[in-house]
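K.L.:
First, the structure itself, so that you have it in front of you.
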Amino acid sequence: MTEADRLNALLEREAPAVARCLSPLGRAAAFPKGITWMGEQARGCAVDATLGQTTDGSGRPIPVPVIQAGLVDTDPAISFLYGPVQGPLGVRQAWLERQRRHAGNPTSTVATPCATHGLTHSLSVVSSLFADPDTTVLVPDPAWDSYGLIFGMHAGARMRPWSTHRNGRFDIGGLSDALAQTPGKAILILNFPANPSGYTPSLAETAAIVERVAAHPGPLVVVTDDAYQGWIYAPGRMRRSIYWDLVERLDPTRAFAIKVDGATKELVFFASRVGFVTPGLGGEAAEALESKIKMVLRGTVGSPSGPALALIARALADAEGTDRAFAQRVAILGERWAALKEGLGRLEDRADVWEFNSAFFALLHLRGADAEATRARLLRDQGVGTIAFAGHGALRIAFCAIHRDAIGDLCDRLARGLT
């Protein structure tokens with residue numbers, strides 16, 4: 001029996017839904033007992049001649065001084081040396097602790113996150129393990145366009161959009177219909193707070209989503225894309241990731257949840273390219289899936305960015321200060337959100353504003369006007385840059401990048417451009 005066969009048998013016993021959803025690559029995956037594994041085995045021995053990295057002979061890095069000077073007060077072992085494929089254990093544990101704290105300290109058993117080379121890479125890892133031409137991916141509509149690249153173009157899965165909004169408001173029926181009409185192996189993507197709509201469900205809507213997902217016969221992988229976690233401005237919204245509700249509710253013989261998130265938005269560190277993948281599993285099943293994740297990591301980027309992880313480790317070590325700084329930035333965007341909601345009210349005779357309460361964006365539905373032509377005209381005549389969602393006749397406005405005092409001018413320019 002190969003190592004992959006052993007892992008598959010273990011998952012079939014301990015986490016049947018995971019086993020049933022694996023792609024051919026996912027079934028073949030097992031972390032190889034090659035250079036990296038042998039290096040891990042030798043860690044701490046008297047003479048370690050395994051890894052091809054330059055040290056002082058005692059395991060300490062000898063970086064070029066000008067680069068070292070740019071990473072003062074970080075852990076040099078993380079900043080300058082090869083790290084574990086899945087990221088340093090301390091950083092991974094600290095990230096999970098942060099996620100639990102922000103979720104109200106749920107008691108659910110989940111795996112220790114694996115670090116990746118950004119949230120996009122996290123989704124790519126999930127796609128490698130679970131998506132193939134026999135898989136249907138239920139993707140929010142409208143959505144971030146990279147979902148199609150990751151699951152559709154790269155993995156060849158069938159992309160099935162589910163409508164998130166009707167008449168500008170969240171449409172729970174769109175999700176219900178998509179689930180009911182999708183027999184066989186499927187991946188469901190939930191993205192709250194959402195890009196591009198800037199929407200987070202209410203507590204009642206969250207409960208309804210969990211109820212409908214839990215009723216699906218499976219096999220089903222539920223991917224919670226939590227890129228914008230924490231950026232919520234309106235009251236009465238779901239404050240924690242829906243992942244935790246799903247972990248508590250899903251039947252492991254039919255479905256399981258896997259969380260993807262990262263430092264990009266949660267730590268306001270856009271250049272870091274550090275993400276995390278957290279399977280909703282425990283025990284031997286978590287270890288088995290981690291082996292498969294590590295194989296995908298080893299076969300793509302090797303390991304995540306050490307300097308970025310070292311800076312993240314510093315931020316996580318100062319949990320109170322980091323949380324306080326993040327809350328200050330949420331407050332800044334909350335002021336911009338409130339100003340934009342007020343300003344867009346002046347456009348109600350020309351466009352419909354979809355309900356938005358979180359994240360970085362607002363969507364303007366143009367009532368039949370050509371979105372791309374309107375985008376180009378606003379850029380040319382009003383000096384306003386927006387993103388066109390042509391299939392929805394809508395423009396996305398990223399208010400995260402606009403000063404509070406400039407939002408009135410933005411709305412004036414939009415009013416002139418949409419006349």
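Just so we're on the same page: first chain in the structure tokens is A, next is B, and so on; residues restart at 1 for each chain, and ligands are numbered from 1 in the order they show up.
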Hey, what's within 7 Å of region 377-382 of chain A if we count only C-alpha atoms and toss same-chain stuff fewer than 3 positions away? As a ChimeraX atom specification, please?
P.N.:
/A:373-374,385,413,417
K.L.:
Do a neighbour search on region 14-17 of chain A at 6 Å with only C-alpha atoms, toss out local chain neighbours closer than 6 positions, and write the hits as a PyMOL selection string.
P.N.:
chain A and resi 219+252-255+285
K.L.:
Save out the residues we just selected, all heavy atoms, as a tab-separated table (two decimals), in the first residue's frame.
P.N.:
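What landed in selection.tsv:
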```
chain	number	residue	atom	x	y	z
A	219	PRO	N	-21.59	14.54	-2.18
A	219	PRO	CA	-20.48	15.07	-1.40
A	219	PRO	C	-20.18	16.53	-1.76
A	219	PRO	O	-20.25	16.91	-2.93
A	219	PRO	CB	-19.30	14.17	-1.78
A	219	PRO	CG	-19.63	13.70	-3.17
A	219	PRO	CD	-21.13	13.59	-3.22
A	252	PRO	N	-20.19	15.00	8.52
A	252	PRO	CA	-18.91	14.67	7.87
A	252	PRO	C	-19.00	13.56	6.83
A	252	PRO	O	-18.05	13.36	6.07
A	252	PRO	CB	-18.02	14.26	9.04
A	252	PRO	CG	-18.96	13.85	10.12
A	252	PRO	CD	-20.16	14.72	9.96
A	253	THR	N	-20.12	12.84	6.78
A	253	THR	CA	-20.27	11.83	5.73
A	253	THR	C	-20.71	12.47	4.41
A	253	THR	O	-20.62	11.82	3.36
A	253	THR	CB	-21.31	10.77	6.13
A	253	THR	OG1	-22.61	11.37	6.21
A	253	THR	CG2	-20.95	10.14	7.46
A	254	ARG	N	-21.18	13.72	4.48
A	254	ARG	CA	-21.71	14.36	3.27
A	254	ARG	C	-20.99	15.64	2.87
A	254	ARG	O	-20.94	15.98	1.68
A	254	ARG	CB	-23.21	14.66	3.46
A	254	ARG	CG	-24.06	13.41	3.62
A	254	ARG	CD	-25.54	13.73	3.62
A	254	ARG	NE	-25.98	14.30	4.89
A	254	ARG	CZ	-26.44	15.54	5.04
A	254	ARG	NH1	-26.49	16.35	4.00
A	254	ARG	NH2	-26.83	15.98	6.22
A	255	ALA	N	-20.46	16.38	3.85
A	255	ALA	CA	-19.88	17.68	3.52
A	255	ALA	C	-18.83	18.07	4.56
A	255	ALA	O	-18.85	17.59	5.69
A	255	ALA	CB	-20.98	18.74	3.45
A	285	ALA	N	-7.62	12.56	10.53
A	285	ALA	CA	-8.11	13.10	9.26
A	285	ALA	C	-7.41	14.41	8.93
A	285	ALA	O	-7.03	14.66	7.77
A	285	ALA	CB	-9.62	13.29	9.31
```
K.L.:
Let me make sure I understand: among A:Val277, A:Leu203, A:Ala49, A:Ala317, which one has the smallest atom-to-atom distance to Thr116 (chain A) if we use only C-alpha atoms?
P.N.:
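Of A:Val277, A:Leu203, A:Ala49, A:Ala317, the one nearest Thr116 (chain A), counting only C-alpha atoms, is A:Val277.
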K.L.:
What's around Leu190 (chain A) at 8 Å? Count only C-alpha atoms, leave out sequence neighbours fewer than 6 positions away in its own chain, and write the answer as a list in words.
P.N.:
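Final neighbour list, sorted by chain and number: Val139, Pro140, Val222, Val223, Thr224 and Asp225 of chain A.
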K.L.:
Nearest residue to Ala406 (chain A) out of A:Leu179, A:Leu22, A:Ala371, A:Leu340, using only C-alpha atoms?
P.N.:
A:Leu340
K.L.:
Looking only at the backbone, which of the residues in region 137-355 of chain A does DSSP tag as strand (DSSP E or B), as a PDB file with N, CA and C atoms, in the first residue's frame?
P.N.:
```
ATOM      1  N   VAL A 137     -18.507  23.573  -9.551  1.00  0.00           N
ATOM      2  CA  VAL A 137     -18.149  24.619  -8.600  1.00  0.00           C
ATOM      3  C   VAL A 137     -19.267  25.653  -8.591  1.00  0.00           C
ATOM      4  N   LEU A 138     -19.933  25.783  -7.453  1.00  0.00           N
ATOM      5  CA  LEU A 138     -21.001  26.760  -7.279  1.00  0.00           C
ATOM      6  C   LEU A 138     -20.363  28.064  -6.830  1.00  0.00           C
ATOM      7  N   VAL A 139     -20.313  29.021  -7.741  1.00  0.00           N
ATOM      8  CA  VAL A 139     -19.576  30.252  -7.510  1.00  0.00           C
ATOM      9  C   VAL A 139     -20.548  31.425  -7.392  1.00  0.00           C
ATOM     10  N   PRO A 140     -20.335  32.331  -6.442  1.00  0.00           N
ATOM     11  CA  PRO A 140     -21.222  33.489  -6.320  1.00  0.00           C
ATOM     12  C   PRO A 140     -21.250  34.298  -7.612  1.00  0.00           C
ATOM     13  N   ASP A 141     -22.389  34.920  -7.868  1.00  0.00           N
ATOM     14  CA  ASP A 141     -22.545  35.733  -9.067  1.00  0.00           C
ATOM     15  C   ASP A 141     -23.283  37.016  -8.694  1.00  0.00           C
ATOM     16  N   ARG A 158     -16.578  22.352 -13.825  1.00  0.00           N
ATOM     17  CA  ARG A 158     -17.755  23.040 -14.359  1.00  0.00           C
ATOM     18  C   ARG A 158     -18.125  24.182 -13.427  1.00  0.00           C
ATOM     19  N   MET A 159     -18.163  25.407 -13.953  1.00  0.00           N
ATOM     20  CA  MET A 159     -18.482  26.562 -13.130  1.00  0.00           C
ATOM     21  C   MET A 159     -19.985  26.851 -13.241  1.00  0.00           C
ATOM     22  N   ARG A 160     -20.664  26.826 -12.098  1.00  0.00           N
ATOM     23  CA  ARG A 160     -22.096  27.107 -12.067  1.00  0.00           C
ATOM     24  C   ARG A 160     -22.342  28.315 -11.156  1.00  0.00           C
ATOM     25  N   PRO A 161     -22.704  29.466 -11.727  1.00  0.00           N
ATOM     26  CA  PRO A 161     -22.952  30.646 -10.896  1.00  0.00           C
ATOM     27  C   PRO A 161     -24.236  30.499 -10.089  1.00  0.00           C
ATOM     28  N   TRP A 162     -24.222  31.037  -8.862  1.00  0.00           N
ATOM     29  CA  TRP A 162     -25.462  31.162  -8.105  1.00  0.00           C
ATOM     30  C   TRP A 162     -25.675  32.633  -7.764  1.00  0.00           C
ATOM     31  N   SER A 163     -26.886  33.082  -8.037  1.00  0.00           N
ATOM     32  CA  SER A 163     -27.210  34.496  -7.887  1.00  0.00           C
ATOM     33  C   SER A 163     -27.189  34.908  -6.426  1.00  0.00           C
ATOM     34  N   HIS A 165     -27.797  38.182  -5.468  1.00  0.00           N
ATOM     35  CA  HIS A 165     -28.673  39.328  -5.246  1.00  0.00           C
ATOM     36  C   HIS A 165     -29.880  39.295  -6.187  1.00  0.00           C
ATOM     37  N   ARG A 166     -30.981  39.776  -5.666  1.00  0.00           N
ATOM     38  CA  ARG A 166     -32.189  40.004  -6.465  1.00  0.00           C
ATOM     39  C   ARG A 166     -32.734  41.370  -6.076  1.00  0.00           C
ATOM     40  N   ARG A 169     -30.750  43.173  -3.380  1.00  0.00           N
ATOM     41  CA  ARG A 169     -30.651  42.631  -2.025  1.00  0.00           C
ATOM     42  C   ARG A 169     -30.247  41.163  -2.076  1.00  0.00           C
ATOM     43  N   PHE A 170     -29.694  40.672  -0.970  1.00  0.00           N
ATOM     44  CA  PHE A 170     -29.201  39.305  -0.936  1.00  0.00           C
ATOM     45  C   PHE A 170     -30.323  38.310  -1.244  1.00  0.00           C
ATOM     46  N   ALA A 186     -19.490  18.416  -5.594  1.00  0.00           N
ATOM     47  CA  ALA A 186     -19.545  19.852  -5.824  1.00  0.00           C
ATOM     48  C   ALA A 186     -18.661  20.584  -4.826  1.00  0.00           C
ATOM     49  N   ILE A 187     -18.248  21.777  -5.235  1.00  0.00           N
ATOM     50  CA  ILE A 187     -17.554  22.730  -4.367  1.00  0.00           C
ATOM     51  C   ILE A 187     -18.410  23.980  -4.311  1.00  0.00           C
ATOM     52  N   LEU A 188     -18.738  24.420  -3.121  1.00  0.00           N
ATOM     53  CA  LEU A 188     -19.505  25.646  -2.931  1.00  0.00           C
ATOM     54  C   LEU A 188     -18.582  26.716  -2.372  1.00  0.00           C
ATOM     55  N   ILE A 189     -18.552  27.887  -3.026  1.00  0.00           N
ATOM     56  CA  ILE A 189     -17.745  29.005  -2.552  1.00  0.00           C
ATOM     57  C   ILE A 189     -18.657  30.024  -1.886  1.00  0.00           C
ATOM     58  N   LEU A 190     -18.352  30.326  -0.631  1.00  0.00           N
ATOM     59  CA  LEU A 190     -19.041  31.380   0.118  1.00  0.00           C
ATOM     60  C   LEU A 190     -18.028  32.479   0.414  1.00  0.00           C
ATOM     61  N   ASN A 191     -18.339  33.697   0.028  1.00  0.00           N
ATOM     62  CA  ASN A 191     -17.413  34.821   0.185  1.00  0.00           C
ATOM     63  C   ASN A 191     -18.131  35.966   0.901  1.00  0.00           C
ATOM     64  N   SER A 202     -27.081  39.028   7.260  1.00  0.00           N
ATOM     65  CA  SER A 202     -27.545  39.202   8.634  1.00  0.00           C
ATOM     66  C   SER A 202     -27.421  37.874   9.372  1.00  0.00           C
ATOM     67  N   LEU A 220     -19.888  17.325  -0.751  1.00  0.00           N
ATOM     68  CA  LEU A 220     -19.775  18.767  -0.930  1.00  0.00           C
ATOM     69  C   LEU A 220     -18.596  19.316  -0.125  1.00  0.00           C
ATOM     70  N   VAL A 221     -17.769  20.122  -0.796  1.00  0.00           N
ATOM     71  CA  VAL A 221     -16.724  20.902  -0.138  1.00  0.00           C
ATOM     72  C   VAL A 221     -17.225  22.342  -0.065  1.00  0.00           C
ATOM     73  N   VAL A 222     -17.284  22.912   1.132  1.00  0.00           N
ATOM     74  CA  VAL A 222     -17.691  24.307   1.287  1.00  0.00           C
ATOM     75  C   VAL A 222     -16.446  25.130   1.583  1.00  0.00           C
ATOM     76  N   VAL A 223     -16.104  26.026   0.656  1.00  0.00           N
ATOM     77  CA  VAL A 223     -14.924  26.877   0.794  1.00  0.00           C
ATOM     78  C   VAL A 223     -15.386  28.248   1.270  1.00  0.00           C
ATOM     79  N   THR A 224     -14.952  28.646   2.465  1.00  0.00           N
ATOM     80  CA  THR A 224     -15.279  29.993   2.926  1.00  0.00           C
ATOM     81  C   THR A 224     -14.097  30.907   2.623  1.00  0.00           C
ATOM     82  N   ASP A 225     -14.299  31.798   1.676  1.00  0.00           N
ATOM     83  CA  ASP A 225     -13.288  32.779   1.295  1.00  0.00           C
ATOM     84  C   ASP A 225     -13.468  33.984   2.219  1.00  0.00           C
ATOM     85  N   ILE A 232     -16.501  45.161   8.586  1.00  0.00           N
ATOM     86  CA  ILE A 232     -17.957  45.260   8.632  1.00  0.00           C
ATOM     87  C   ILE A 232     -18.328  46.571   9.321  1.00  0.00           C
ATOM     88  N   ARG A 237     -24.993  42.482  11.446  1.00  0.00           N
ATOM     89  CA  ARG A 237     -24.356  41.617  10.456  1.00  0.00           C
ATOM     90  C   ARG A 237     -23.632  40.472  11.151  1.00  0.00           C
ATOM     91  N   ALA A 255     -20.456  16.382   3.848  1.00  0.00           N
ATOM     92  CA  ALA A 255     -19.878  17.680   3.516  1.00  0.00           C
ATOM     93  C   ALA A 255     -18.832  18.071   4.559  1.00  0.00           C
ATOM     94  N   PHE A 256     -17.925  18.943   4.158  1.00  0.00           N
ATOM     95  CA  PHE A 256     -17.004  19.524   5.120  1.00  0.00           C
ATOM     96  C   PHE A 256     -16.616  20.923   4.649  1.00  0.00           C
ATOM     97  N   ALA A 257     -16.167  21.740   5.608  1.00  0.00           N
ATOM     98  CA  ALA A 257     -15.803  23.128   5.327  1.00  0.00           C
ATOM     99  C   ALA A 257     -14.297  23.311   5.389  1.00  0.00           C
ATOM    100  N   ILE A 258     -13.806  24.212   4.556  1.00  0.00           N
ATOM    101  CA  ILE A 258     -12.387  24.547   4.565  1.00  0.00           C
ATOM    102  C   ILE A 258     -12.272  26.058   4.428  1.00  0.00           C
ATOM    103  N   LYS A 259     -11.503  26.665   5.309  1.00  0.00           N
ATOM    104  CA  LYS A 259     -11.400  28.121   5.415  1.00  0.00           C
ATOM    105  C   LYS A 259     -10.146  28.610   4.710  1.00  0.00           C
ATOM    106  N   VAL A 260     -10.282  29.634   3.890  1.00  0.00           N
ATOM    107  CA  VAL A 260      -9.114  30.299   3.306  1.00  0.00           C
ATOM    108  C   VAL A 260      -9.162  31.763   3.727  1.00  0.00           C
ATOM    109  N   ASP A 261      -8.032  32.263   4.173  1.00  0.00           N
ATOM    110  CA  ASP A 261      -7.940  33.656   4.605  1.00  0.00           C
ATOM    111  C   ASP A 261      -6.488  34.075   4.509  1.00  0.00           C
ATOM    112  N   GLY A 262      -6.150  35.259   5.008  1.00  0.00           N
ATOM    113  CA  GLY A 262      -4.769  35.674   4.888  1.00  0.00           C
ATOM    114  C   GLY A 262      -4.504  37.046   5.461  1.00  0.00           C
ATOM    115  N   GLY A 275      -1.132  33.551   2.895  1.00  0.00           N
ATOM    116  CA  GLY A 275      -2.483  33.102   3.162  1.00  0.00           C
ATOM    117  C   GLY A 275      -2.453  31.870   4.043  1.00  0.00           C
ATOM    118  N   PHE A 276      -3.640  31.398   4.389  1.00  0.00           N
ATOM    119  CA  PHE A 276      -3.757  30.205   5.230  1.00  0.00           C
ATOM    120  C   PHE A 276      -4.929  29.351   4.749  1.00  0.00           C
ATOM    121  N   VAL A 277      -4.786  28.041   4.918  1.00  0.00           N
ATOM    122  CA  VAL A 277      -5.850  27.081   4.627  1.00  0.00           C
ATOM    123  C   VAL A 277      -6.136  26.318   5.911  1.00  0.00           C
ATOM    124  N   THR A 278      -7.399  26.343   6.373  1.00  0.00           N
ATOM    125  CA  THR A 278      -7.757  25.685   7.624  1.00  0.00           C
ATOM    126  C   THR A 278      -8.887  24.690   7.391  1.00  0.00           C
ATOM    127  N   PRO A 279      -8.584  23.399   7.231  1.00  0.00           N
ATOM    128  CA  PRO A 279      -9.638  22.396   7.074  1.00  0.00           C
ATOM    129  C   PRO A 279     -10.439  22.233   8.368  1.00  0.00           C
ATOM    130  N   ASP A 352     -29.212  52.013  -9.578  1.00  0.00           N
ATOM    131  CA  ASP A 352     -29.623  51.328  -8.353  1.00  0.00           C
ATOM    132  C   ASP A 352     -28.357  50.951  -7.566  1.00  0.00           C
ATOM    133  N   VAL A 353     -28.341  51.296  -6.303  1.00  0.00           N
ATOM    134  CA  VAL A 353     -27.213  50.946  -5.440  1.00  0.00           C
ATOM    135  C   VAL A 353     -27.547  49.640  -4.733  1.00  0.00           C
TER     136      VAL A 353
END
```
K.L.:
Go through region 180-409 of chain A and collect every residue that DSSP, computed from the backbone, puts in helix (DSSP H, G or I); the answer should be as number ranges by chain.
P.N.:
A: 180, 203-214, 242-249, 263-266, 283-298, 306-317, 319-347, 371-382, 390-392, 399-401, 404-409
K.L.:
List as a list in words the protein and nucleic acid residues near region 209-218 of chain A, meaning an atom at most 8 Å away when only C-alpha atoms are counted, but skip any in the same chain fewer than 3 places from it.
P.N.:
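Once the adjacent positions are removed, what remains is Ala17, Ile172, Leu175, Ser176, Leu179, Ala180, Pro183, Gly184, Lys185, Ala186, Glu205, Thr206, Ile242, Asp245, Leu246, Arg249, Leu250, Asp251, Arg254 and Ala255 of chain A.
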K.L.:
Find, counting only C-alpha atoms, the residue in A:Gly306, A:Gly152, A:Gln41, A:Ser128 that gets nearest to Thr74 (chain A).
P.N.:
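Closest to Thr74 (chain A), using only C-alpha atoms: A:Gly306.
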K.L.:
Could you tell me which of A:Met153, A:Ile78, A:Ala103, A:Ala204 comes closest to Arg240 (chain A) if we count only C-alpha atoms?
P.N.:
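Using only C-alpha atoms, Arg240 (chain A) sits closest to A:Ala103.
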K.L.:
Might you pull out every residue within 10 Å of Phe192 (chain A), with only C-alpha atoms counted and same-chain residues fewer than 5 positions away left off, and present them as an mmCIF file with N, CA and C atoms, in the first residue's frame?
P.N.:
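part-v2.cif, freshly written:
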```cif
data_model
loop_
_atom_site.group_PDB
_atom_site.id
_atom_site.type_symbol
_atom_site.label_atom_id
_atom_site.label_comp_id
_atom_site.auth_asym_id
_atom_site.auth_seq_id
_atom_site.Cartn_x
_atom_site.Cartn_y
_atom_site.Cartn_z
ATOM 1 N N SER A 197 -19.676 42.867 -4.157
ATOM 2 C CA SER A 197 -20.908 43.513 -3.705
ATOM 3 C C SER A 197 -20.764 44.248 -2.379
ATOM 4 N N GLY A 198 -19.724 43.930 -1.585
ATOM 5 C CA GLY A 198 -19.598 44.569 -0.289
ATOM 6 C C GLY A 198 -20.695 44.168 0.674
ATOM 7 N N TYR A 199 -21.171 42.912 0.561
ATOM 8 C CA TYR A 199 -22.309 42.488 1.372
ATOM 9 C C TYR A 199 -21.916 41.387 2.357
ATOM 10 N N THR A 200 -22.413 41.504 3.578
ATOM 11 C CA THR A 200 -22.327 40.457 4.591
ATOM 12 C C THR A 200 -23.732 40.149 5.070
ATOM 13 N N PRO A 201 -24.123 38.879 5.135
ATOM 14 C CA PRO A 201 -25.490 38.525 5.538
ATOM 15 C C PRO A 201 -25.797 38.910 6.984
ATOM 16 N N THR A 224 -14.952 28.646 2.465
ATOM 17 C CA THR A 224 -15.279 29.993 2.926
ATOM 18 C C THR A 224 -14.097 30.907 2.623
ATOM 19 N N ASP A 225 -14.299 31.798 1.676
ATOM 20 C CA ASP A 225 -13.288 32.779 1.295
ATOM 21 C C ASP A 225 -13.468 33.984 2.219
ATOM 22 N N ASP A 226 -12.613 34.055 3.232
ATOM 23 C CA ASP A 226 -12.738 35.076 4.273
ATOM 24 C C ASP A 226 -11.734 36.202 4.094
ATOM 25 N N ALA A 227 -11.449 36.549 2.843
ATOM 26 C CA ALA A 227 -10.435 37.571 2.567
ATOM 27 C C ALA A 227 -10.702 38.874 3.306
ATOM 28 N N TYR A 228 -11.980 39.277 3.399
ATOM 29 C CA TYR A 228 -12.321 40.594 3.966
ATOM 30 C C TYR A 228 -12.867 40.484 5.387
ATOM 31 N N GLN A 229 -12.517 39.424 6.071
ATOM 32 C CA GLN A 229 -13.027 39.194 7.415
ATOM 33 C C GLN A 229 -12.715 40.383 8.323
ATOM 34 N N GLY A 230 -13.731 40.836 9.044
ATOM 35 C CA GLY A 230 -13.563 41.922 10.003
ATOM 36 C C GLY A 230 -13.932 43.292 9.498
ATOM 37 N N TRP A 231 -14.006 43.462 8.166
ATOM 38 C CA TRP A 231 -14.307 44.787 7.604
ATOM 39 C C TRP A 231 -15.828 44.947 7.470
ATOM 40 N N ILE A 232 -16.501 45.161 8.586
ATOM 41 C CA ILE A 232 -17.957 45.260 8.632
ATOM 42 C C ILE A 232 -18.328 46.571 9.321
ATOM 43 N N MET A 238 -23.399 39.397 10.385
ATOM 44 C CA MET A 238 -22.616 38.270 10.883
ATOM 45 C C MET A 238 -21.179 38.728 11.104
ATOM 46 N N ARG A 239 -20.709 38.685 12.345
ATOM 47 C CA ARG A 239 -19.387 39.212 12.673
ATOM 48 C C ARG A 239 -18.280 38.177 12.545
ATOM 49 N N ARG A 240 -18.601 36.908 12.672
ATOM 50 C CA ARG A 240 -17.567 35.891 12.540
ATOM 51 C C ARG A 240 -17.760 35.161 11.220
ATOM 52 N N SER A 241 -16.720 34.456 10.804
ATOM 53 C CA SER A 241 -16.810 33.694 9.566
ATOM 54 C C SER A 241 -17.893 32.628 9.668
ATOM 55 N N ILE A 242 -18.639 32.456 8.598
ATOM 56 C CA ILE A 242 -19.662 31.405 8.539
ATOM 57 C C ILE A 242 -19.026 30.016 8.649
ATOM 58 N N SER A 358 -20.160 46.237 4.093
ATOM 59 C CA SER A 358 -18.883 45.697 4.568
ATOM 60 C C SER A 358 -17.877 45.664 3.422
ATOM 61 N N ALA A 359 -16.691 45.153 3.726
ATOM 62 C CA ALA A 359 -15.598 45.013 2.762
ATOM 63 C C ALA A 359 -15.211 46.379 2.196
#
```
K.L.:
Skipping near chain neighbours, those fewer than 3 positions away, what residues fall within 8 Å of region 85-89 of chain A using only C-alpha atoms, listed as a count of residues only?
P.N.:
13
K.L.:
Residues near Pro76 (chain A), anyone? I mean within 10 Å using only C-alpha atoms, not counting same-chain ones fewer than 5 positions away, as a ChimeraX atom specification.
P.N.:
/A:60-63,68,71,81,306-307,310
K.L.:
Could those selected residues go to a file with N, CA and C atoms, as a PDB file, in the first residue's frame?
P.N.:
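Done, and the output landed in out34.pdb:
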```pdb
ATOM      1  N   ARG A  60      22.649  29.265  12.095  1.00  0.00           N
ATOM      2  CA  ARG A  60      22.167  30.639  12.015  1.00  0.00           C
ATOM      3  C   ARG A  60      22.421  31.207  10.620  1.00  0.00           C
ATOM      4  N   PRO A  61      21.526  32.061  10.114  1.00  0.00           N
ATOM      5  CA  PRO A  61      21.682  32.597   8.759  1.00  0.00           C
ATOM      6  C   PRO A  61      22.815  33.616   8.686  1.00  0.00           C
ATOM      7  N   ILE A  62      23.349  33.806   7.494  1.00  0.00           N
ATOM      8  CA  ILE A  62      24.350  34.853   7.245  1.00  0.00           C
ATOM      9  C   ILE A  62      23.889  35.676   6.041  1.00  0.00           C
ATOM     10  N   PRO A  63      22.813  36.463   6.217  1.00  0.00           N
ATOM     11  CA  PRO A  63      22.246  37.213   5.099  1.00  0.00           C
ATOM     12  C   PRO A  63      23.147  38.361   4.670  1.00  0.00           C
ATOM     13  N   GLN A  68      19.440  42.322   5.495  1.00  0.00           N
ATOM     14  CA  GLN A  68      19.230  42.114   6.925  1.00  0.00           C
ATOM     15  C   GLN A  68      18.765  43.403   7.600  1.00  0.00           C
ATOM     16  N   LEU A  71      15.084  44.077   7.786  1.00  0.00           N
ATOM     17  CA  LEU A  71      14.237  43.170   8.555  1.00  0.00           C
ATOM     18  C   LEU A  71      14.697  43.124  10.009  1.00  0.00           C
ATOM     19  N   LEU A  81      15.970  31.799   6.525  1.00  0.00           N
ATOM     20  CA  LEU A  81      16.216  30.381   6.265  1.00  0.00           C
ATOM     21  C   LEU A  81      14.979  29.699   5.710  1.00  0.00           C
ATOM     22  N   GLY A 306       9.265  33.757   3.802  1.00  0.00           N
ATOM     23  CA  GLY A 306       9.805  33.869   5.147  1.00  0.00           C
ATOM     24  C   GLY A 306       9.783  35.279   5.710  1.00  0.00           C
ATOM     25  N   PRO A 307      10.296  36.295   4.973  1.00  0.00           N
ATOM     26  CA  PRO A 307      10.251  37.656   5.513  1.00  0.00           C
ATOM     27  C   PRO A 307       8.839  38.117   5.851  1.00  0.00           C
ATOM     28  N   ALA A 310       7.721  36.399   8.995  1.00  0.00           N
ATOM     29  CA  ALA A 310       8.390  36.942  10.177  1.00  0.00           C
ATOM     30  C   ALA A 310       7.699  38.217  10.649  1.00  0.00           C
TER      31      ALA A 310
END
```
K.L.:
So the first atom is CA of Ser305 (chain A) and the second is CA of Arg273 (chain A); what is the distance between them in Å, to one decimal place?
P.N.:
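Rounded to one decimal, the two atoms are 7.4 Å apart.
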K.L.:
To one decimal in Å, tell me the separation between CA of Gly26 (chain A) and CA of Pro193 (chain A).
P.N.:
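According to the coordinates, CA of Gly26 (chain A) and CA of Pro193 (chain A) are separated by 28.9 Å.
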K.L.:
Between A:Cys21, A:Leu119, A:Ala394, A:Ile67, which is the closest to Ala263 (chain A) once you count only C-alpha atoms?
P.N.:
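Looking at the shortest contact to Ala263 (chain A), the residue is A:Leu119.
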